[in-house]
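Everything below concerns the one structure shown next.
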Amino acid sequence: MPPYTVVIGLETHVQLATQSKMFCGCDARYADAPPNSHVCPVCMGMPGVMPAINAAAIEYTIMTGLALHCTIPNVSRFDRKNYPYPDLVKGYQISQYDMPLAVNGWLEFDSDGETRRVGIRRVHLEEDTAKLTHAVDDQGYRVSLVDVNRSGVPLMEIVGEPDLRSPEEAELYLRQLRLLLVYLGVTTGNLEEGAFRCDANVSLRSDAITGEKVEIKNLNSFRAVNRALAFEVRRQGALLDAGRAVPQETRGWSEERQVTVSQRSKEYAHDYRYFPEPDLPPLTLTGSRVGAIRARVPELP
């Protein structure tokens with residue numbers, strides 16, 4: 001195999017430790033609750049309901065941006081991200097697109113005695129989806145059960161630049177990021193409950209070849225991130241060695257088989273048909289408010 005440079009960028013999804021959900025007053029602490037017990041017309045996506053912004057989630061996201069050395073724009077906005085998945089009860093997700101809460105930061109971590117700095121492209125805020133459980137019923141039919149308790153929980157997304165060069169670096173980056181966020185108190189960081197999970201983008205390149213980017217979805221442990229990326233580097237390298245193209249796609253990680261599996265072709269921004277959320281006003285972030293949040297950022301580990 002010729003020498004390839006590994007290019008990895010991580011999109012980390014962090015459930016915020018607020019008492020209520022992002023756009024309604026339902027209890028956000030759903031982990032041990034009976035299915036569909038922390039729900040209301042807003043987070044169930046009923047027609048005609050109106051969302052209301054969770055101020056604590058905004059402050060937690062700005063605090064995270066400041067801790068990651070980000071710039072906080074004066075104006076931010078929520079958008080509708082449209083896609084038809086069964087765990088998205090209203091058919092769109094309230095997220096942020098071109099006007100996030102924080103941009104252009106960085107995170108440092110130690111790797112083999114060397115300090116590595118990874119750029120942070122953006123930190124934005126959205127709502128989590130419902131949860132699907134796939135099972136077999138008493139008659140042997142495969143069924144999918146929907147639990148809406150998680151729908152609407154504040155979800156912060158931290159988009160890193162493609163500055164990582166190995167699966168081991170990706171794991172170290174995630175460990176340092178989780179340590180920072182738990183220290184700030186903005187999340188529990190519980191990986192088993194899905195409070196800290198990530199999507200990994202990986203490609204290979206050489207002097208003669210630039211491979212397509214492949215996304216690996218919903219990795220919820222440090223070991224899974226490392227092993228999924230290591231497998232994908234080997235898989236893409238074998239394809240390029242054989243003179244074959246690497247298709248740009250979304251893949252999932254099979255913990256049981258220790259392989260990535262193809263799920264769908266990769267979506268682009270225009271596939272989601274973003275447009276400004278009509279039920280929520282833009283956010284004006286004054287210097288005094290950002291300064292007050294900055295004063296609450298503790299000395300960091």
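Chain identifiers are assigned as A, B, and so on, following the order in which chains appear in the structure tokens; residues are numbered from 1 within each chain, and ligands are numbered from 1 in order of appearance.
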
Next on the checklist: With only C-alpha atoms as the counted atoms, please give the residues lying no more than 8 Å from stretch 6-18 of chain A, apart from itself and same-chain residues fewer than 2 positions off, as a PyMOL selection string.
Outcome noted: chain A and resi 4+20-21+28+56-57+60+128+153-166+170+185-189+194-205+233

Resulting file, chosen residues, C-alpha atoms, as a JSON list (two decimals), in the first residue's frame:
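Written output follows (result-v8.json):
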[["chain", "number", "residue", "atom", "x", "y", "z"],
["A", 4, "TYR", "CA", -1.57, 7.64, 2.30],
["A", 20, "SER", "CA", -36.29, 20.92, 30.31],
["A", 21, "LYS", "CA", -36.20, 20.22, 26.59],
["A", 28, "ALA", "CA", -35.23, 16.42, 29.62],
["A", 56, "ALA", "CA", -30.16, 27.70, 29.57],
["A", 57, "ALA", "CA", -29.29, 25.71, 26.44],
["A", 60, "TYR", "CA", -24.44, 26.38, 27.80],
["A", 128, "ASP", "CA", -32.44, 15.60, 19.48],
["A", 153, "VAL", "CA", -33.71, 17.27, 24.23],
["A", 154, "PRO", "CA", -31.15, 20.08, 23.65],
["A", 155, "LEU", "CA", -28.36, 18.76, 21.43],
["A", 156, "MET", "CA", -25.19, 20.74, 20.89],
["A", 157, "GLU", "CA", -23.08, 19.86, 17.85],
["A", 158, "ILE", "CA", -19.36, 20.61, 17.78],
["A", 159, "VAL", "CA", -17.94, 20.42, 14.25],
["A", 160, "GLY", "CA", -14.18, 19.91, 14.17],
["A", 161, "GLU", "CA", -11.93, 20.69, 11.23],
["A", 162, "PRO", "CA", -10.37, 17.73, 9.35],
["A", 163, "ASP", "CA", -7.10, 18.13, 11.26],
["A", 164, "LEU", "CA", -6.84, 14.64, 12.79],
["A", 165, "ARG", "CA", -4.43, 12.18, 11.18],
["A", 166, "SER", "CA", -5.08, 8.83, 12.86],
["A", 170, "ALA", "CA", -9.43, 10.99, 17.07],
["A", 185, "GLY", "CA", -21.08, 21.20, 33.72],
["A", 186, "VAL", "CA", -22.95, 21.53, 30.41],
["A", 187, "THR", "CA", -23.44, 17.75, 29.96],
["A", 188, "THR", "CA", -23.29, 14.51, 31.89],
["A", 189, "GLY", "CA", -21.07, 13.10, 29.15],
["A", 194, "GLY", "CA", -26.07, 8.76, 24.27],
["A", 195, "ALA", "CA", -25.25, 12.09, 25.92],
["A", 196, "PHE", "CA", -21.91, 12.15, 24.08],
["A", 197, "ARG", "CA", -21.65, 10.60, 20.62],
["A", 198, "CYS", "CA", -20.10, 11.48, 17.29],
["A", 199, "ASP", "CA", -20.06, 11.09, 13.52],
["A", 200, "ALA", "CA", -16.64, 10.61, 11.95],
["A", 201, "ASN", "CA", -15.61, 11.74, 8.46],
["A", 202, "VAL", "CA", -12.55, 10.01, 7.01],
["A", 203, "SER", "CA", -10.72, 10.01, 3.68],
["A", 204, "LEU", "CA", -7.28, 9.09, 2.36],
["A", 205, "ARG", "CA", -5.01, 11.07, 0.08],
["A", 233, "VAL", "CA", -8.71, 3.37, 6.75]]

Item to check | Which of stretch 81-277 of chain A DSSP labels strand (DSSP E), written as a ChimeraX atom specification | outcome: /A:81-82,92-95,102-111,114-127,131-136,142-147,154-160,196-205,214-219,249-254,259-265,275-276

Next on the checklist: Can you pull out every residue from stretch 78-270 of chain A that DSSP, working from the backbone, puts in helix (DSSP H, G or I), and format the result as a PyMOL selection string?
Outcome noted: chain A and resi 148-150+167-184+222-241+269-270

Would you mind exporting N, CA and C atoms of the selected residues as a CSV table (one decimal), in the first residue's frame?
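File written: out.csv
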chain,number,residue,atom,x,y,z
A,148,VAL,N,-40.6,8.7,22.1
A,148,VAL,CA,-40.5,10.1,21.9
A,148,VAL,C,-39.8,10.9,23.0
A,149,ASN,N,-39.5,10.2,24.1
A,149,ASN,CA,-38.9,10.9,25.3
A,149,ASN,C,-37.7,11.7,25.0
A,150,ARG,N,-36.9,11.2,24.1
A,150,ARG,CA,-35.6,11.9,23.7
A,150,ARG,C,-35.9,13.0,22.8
A,167,PRO,N,-6.7,7.3,13.8
A,167,PRO,CA,-7.8,6.9,14.7
A,167,PRO,C,-7.4,7.1,16.2
A,168,GLU,N,-6.1,7.0,16.5
A,168,GLU,CA,-5.7,7.2,17.9
A,168,GLU,C,-5.8,8.7,18.2
A,169,GLU,N,-5.5,9.6,17.3
A,169,GLU,CA,-5.7,11.0,17.6
A,169,GLU,C,-7.1,11.4,17.7
A,170,ALA,N,-8.0,10.7,17.0
A,170,ALA,CA,-9.4,11.0,17.1
A,170,ALA,C,-9.9,10.6,18.5
A,171,GLU,N,-9.5,9.5,19.0
A,171,GLU,CA,-9.9,9.1,20.3
A,171,GLU,C,-9.4,10.1,21.4
A,172,LEU,N,-8.1,10.5,21.3
A,172,LEU,CA,-7.6,11.4,22.2
A,172,LEU,C,-8.3,12.8,22.2
A,173,TYR,N,-8.7,13.2,21.0
A,173,TYR,CA,-9.4,14.5,20.9
A,173,TYR,C,-10.8,14.4,21.6
A,174,LEU,N,-11.5,13.2,21.4
A,174,LEU,CA,-12.8,13.1,22.0
A,174,LEU,C,-12.7,13.0,23.5
A,175,ARG,N,-11.7,12.3,24.0
A,175,ARG,CA,-11.5,12.2,25.4
A,175,ARG,C,-11.2,13.6,26.0
A,176,GLN,N,-10.4,14.4,25.4
A,176,GLN,CA,-10.2,15.8,25.9
A,176,GLN,C,-11.4,16.6,25.8
A,177,LEU,N,-12.1,16.5,24.7
A,177,LEU,CA,-13.4,17.3,24.6
A,177,LEU,C,-14.4,16.9,25.6
A,178,ARG,N,-14.6,15.6,25.9
A,178,ARG,CA,-15.5,15.2,26.9
A,178,ARG,C,-15.1,15.7,28.3
A,179,LEU,N,-13.8,15.6,28.6
A,179,LEU,CA,-13.3,16.1,29.9
A,179,LEU,C,-13.7,17.6,30.0
A,180,LEU,N,-13.5,18.4,29.0
A,180,LEU,CA,-13.7,19.8,29.0
A,180,LEU,C,-15.2,20.1,29.3
A,181,LEU,N,-16.1,19.4,28.5
A,181,LEU,CA,-17.5,19.6,28.6
A,181,LEU,C,-18.1,19.2,30.0
A,182,VAL,N,-17.7,18.1,30.5
A,182,VAL,CA,-18.1,17.6,31.8
A,182,VAL,C,-17.6,18.6,32.9
A,183,TYR,N,-16.4,19.1,32.8
A,183,TYR,CA,-15.8,20.0,33.7
A,183,TYR,C,-16.6,21.3,33.7
A,184,LEU,N,-17.1,21.8,32.5
A,184,LEU,CA,-17.9,23.0,32.4
A,184,LEU,C,-19.3,22.8,33.1
A,222,PHE,N,-15.5,5.5,22.9
A,222,PHE,CA,-14.1,5.8,22.4
A,222,PHE,C,-13.6,4.7,21.6
A,223,ARG,N,-13.8,3.5,22.1
A,223,ARG,CA,-13.3,2.3,21.4
A,223,ARG,C,-13.9,2.1,20.0
A,224,ALA,N,-15.2,2.4,19.9
A,224,ALA,CA,-15.9,2.3,18.7
A,224,ALA,C,-15.4,3.3,17.6
A,225,VAL,N,-15.1,4.5,18.1
A,225,VAL,CA,-14.5,5.5,17.2
A,225,VAL,C,-13.2,5.0,16.6
A,226,ASN,N,-12.3,4.5,17.6
A,226,ASN,CA,-11.0,4.1,17.1
A,226,ASN,C,-11.0,2.9,16.2
A,227,ARG,N,-11.8,1.9,16.5
A,227,ARG,CA,-11.9,0.7,15.7
A,227,ARG,C,-12.6,0.9,14.4
A,228,ALA,N,-13.7,1.7,14.4
A,228,ALA,CA,-14.4,2.0,13.1
A,228,ALA,C,-13.5,2.8,12.2
A,229,LEU,N,-12.7,3.8,12.7
A,229,LEU,CA,-11.9,4.5,11.8
A,229,LEU,C,-10.7,3.7,11.3
A,230,ALA,N,-10.2,2.8,12.2
A,230,ALA,CA,-9.1,1.9,11.7
A,230,ALA,C,-9.5,1.0,10.6
A,231,PHE,N,-10.7,0.4,10.8
A,231,PHE,CA,-11.3,-0.4,9.7
A,231,PHE,C,-11.5,0.3,8.5
A,232,GLU,N,-12.0,1.5,8.6
A,232,GLU,CA,-12.3,2.3,7.4
A,232,GLU,C,-11.1,2.7,6.6
A,233,VAL,N,-10.0,3.0,7.4
A,233,VAL,CA,-8.7,3.4,6.7
A,233,VAL,C,-8.2,2.2,6.0
A,234,ARG,N,-8.3,1.0,6.5
A,234,ARG,CA,-7.8,-0.2,5.8
A,234,ARG,C,-8.7,-0.5,4.6
A,235,ARG,N,-10.0,-0.3,4.7
A,235,ARG,CA,-11.0,-0.6,3.6
A,235,ARG,C,-10.7,0.4,2.5
A,236,GLN,N,-10.6,1.7,2.8
A,236,GLN,CA,-10.4,2.6,1.7
A,236,GLN,C,-9.0,2.5,1.1
A,237,GLY,N,-8.0,2.1,1.9
A,237,GLY,CA,-6.7,1.9,1.3
A,237,GLY,C,-6.7,0.7,0.4
A,238,ALA,N,-7.4,-0.3,0.7
A,238,ALA,CA,-7.4,-1.5,-0.2
A,238,ALA,C,-8.1,-1.1,-1.5
A,239,LEU,N,-9.2,-0.3,-1.5
A,239,LEU,CA,-9.9,0.1,-2.7
A,239,LEU,C,-9.0,0.9,-3.6
A,240,LEU,N,-8.3,1.9,-2.9
A,240,LEU,CA,-7.4,2.8,-3.7
A,240,LEU,C,-6.2,2.0,-4.3
A,241,ASP,N,-5.7,1.0,-3.5
A,241,ASP,CA,-4.6,0.2,-4.1
A,241,ASP,C,-5.0,-0.6,-5.3
A,269,ALA,N,-25.9,19.7,1.9
A,269,ALA,CA,-26.7,20.7,2.6
A,269,ALA,C,-28.0,20.9,1.8
A,270,HIS,N,-28.0,21.0,0.5
A,270,HIS,CA,-29.2,21.3,-0.3
A,270,HIS,C,-30.2,20.2,-0.2

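Note that the spacing between atom CA of A:Lys213 and atom CA of A:Ala67 amounts to 29.0 Å.
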
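Look at A:Arg117: the protein and nucleic acid residues within 7 Å of it, using only C-alpha atoms and passing over chain neighbours fewer than 3 places away, are Trp106, Leu107, Glu108 and Phe109 of chain A.
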
Would you output that residue set with N, CA, C and O atoms, as a short mmCIF file (atom, residue, chain, number, x, y, z; two decimals), in the first residue's frame?
data_model
loop_
_atom_site.label_atom_id
_atom_site.label_comp_id
_atom_site.auth_asym_id
_atom_site.auth_seq_id
_atom_site.Cartn_x
_atom_site.Cartn_y
_atom_site.Cartn_z
N TRP A 106 -10.71 26.34 18.65
CA TRP A 106 -9.74 25.25 18.61
C TRP A 106 -9.70 24.52 19.94
O TRP A 106 -10.12 25.04 20.98
N LEU A 107 -9.19 23.30 19.88
CA LEU A 107 -9.01 22.46 21.07
C LEU A 107 -7.63 21.83 20.99
O LEU A 107 -7.23 21.31 19.94
N GLU A 108 -6.90 21.83 22.09
CA GLU A 108 -5.58 21.21 22.15
C GLU A 108 -5.62 19.95 23.00
O GLU A 108 -6.37 19.86 23.97
N PHE A 109 -4.79 18.98 22.62
CA PHE A 109 -4.64 17.75 23.41
C PHE A 109 -3.23 17.23 23.19
O PHE A 109 -2.54 17.62 22.24
#

Checklist entry - Looking at A:Glu255, A:Glu127, A:Asp79, A:Glu212, which one is nearest to A:Pro282, with distances taken over only C-alpha atoms? => result A:Asp79
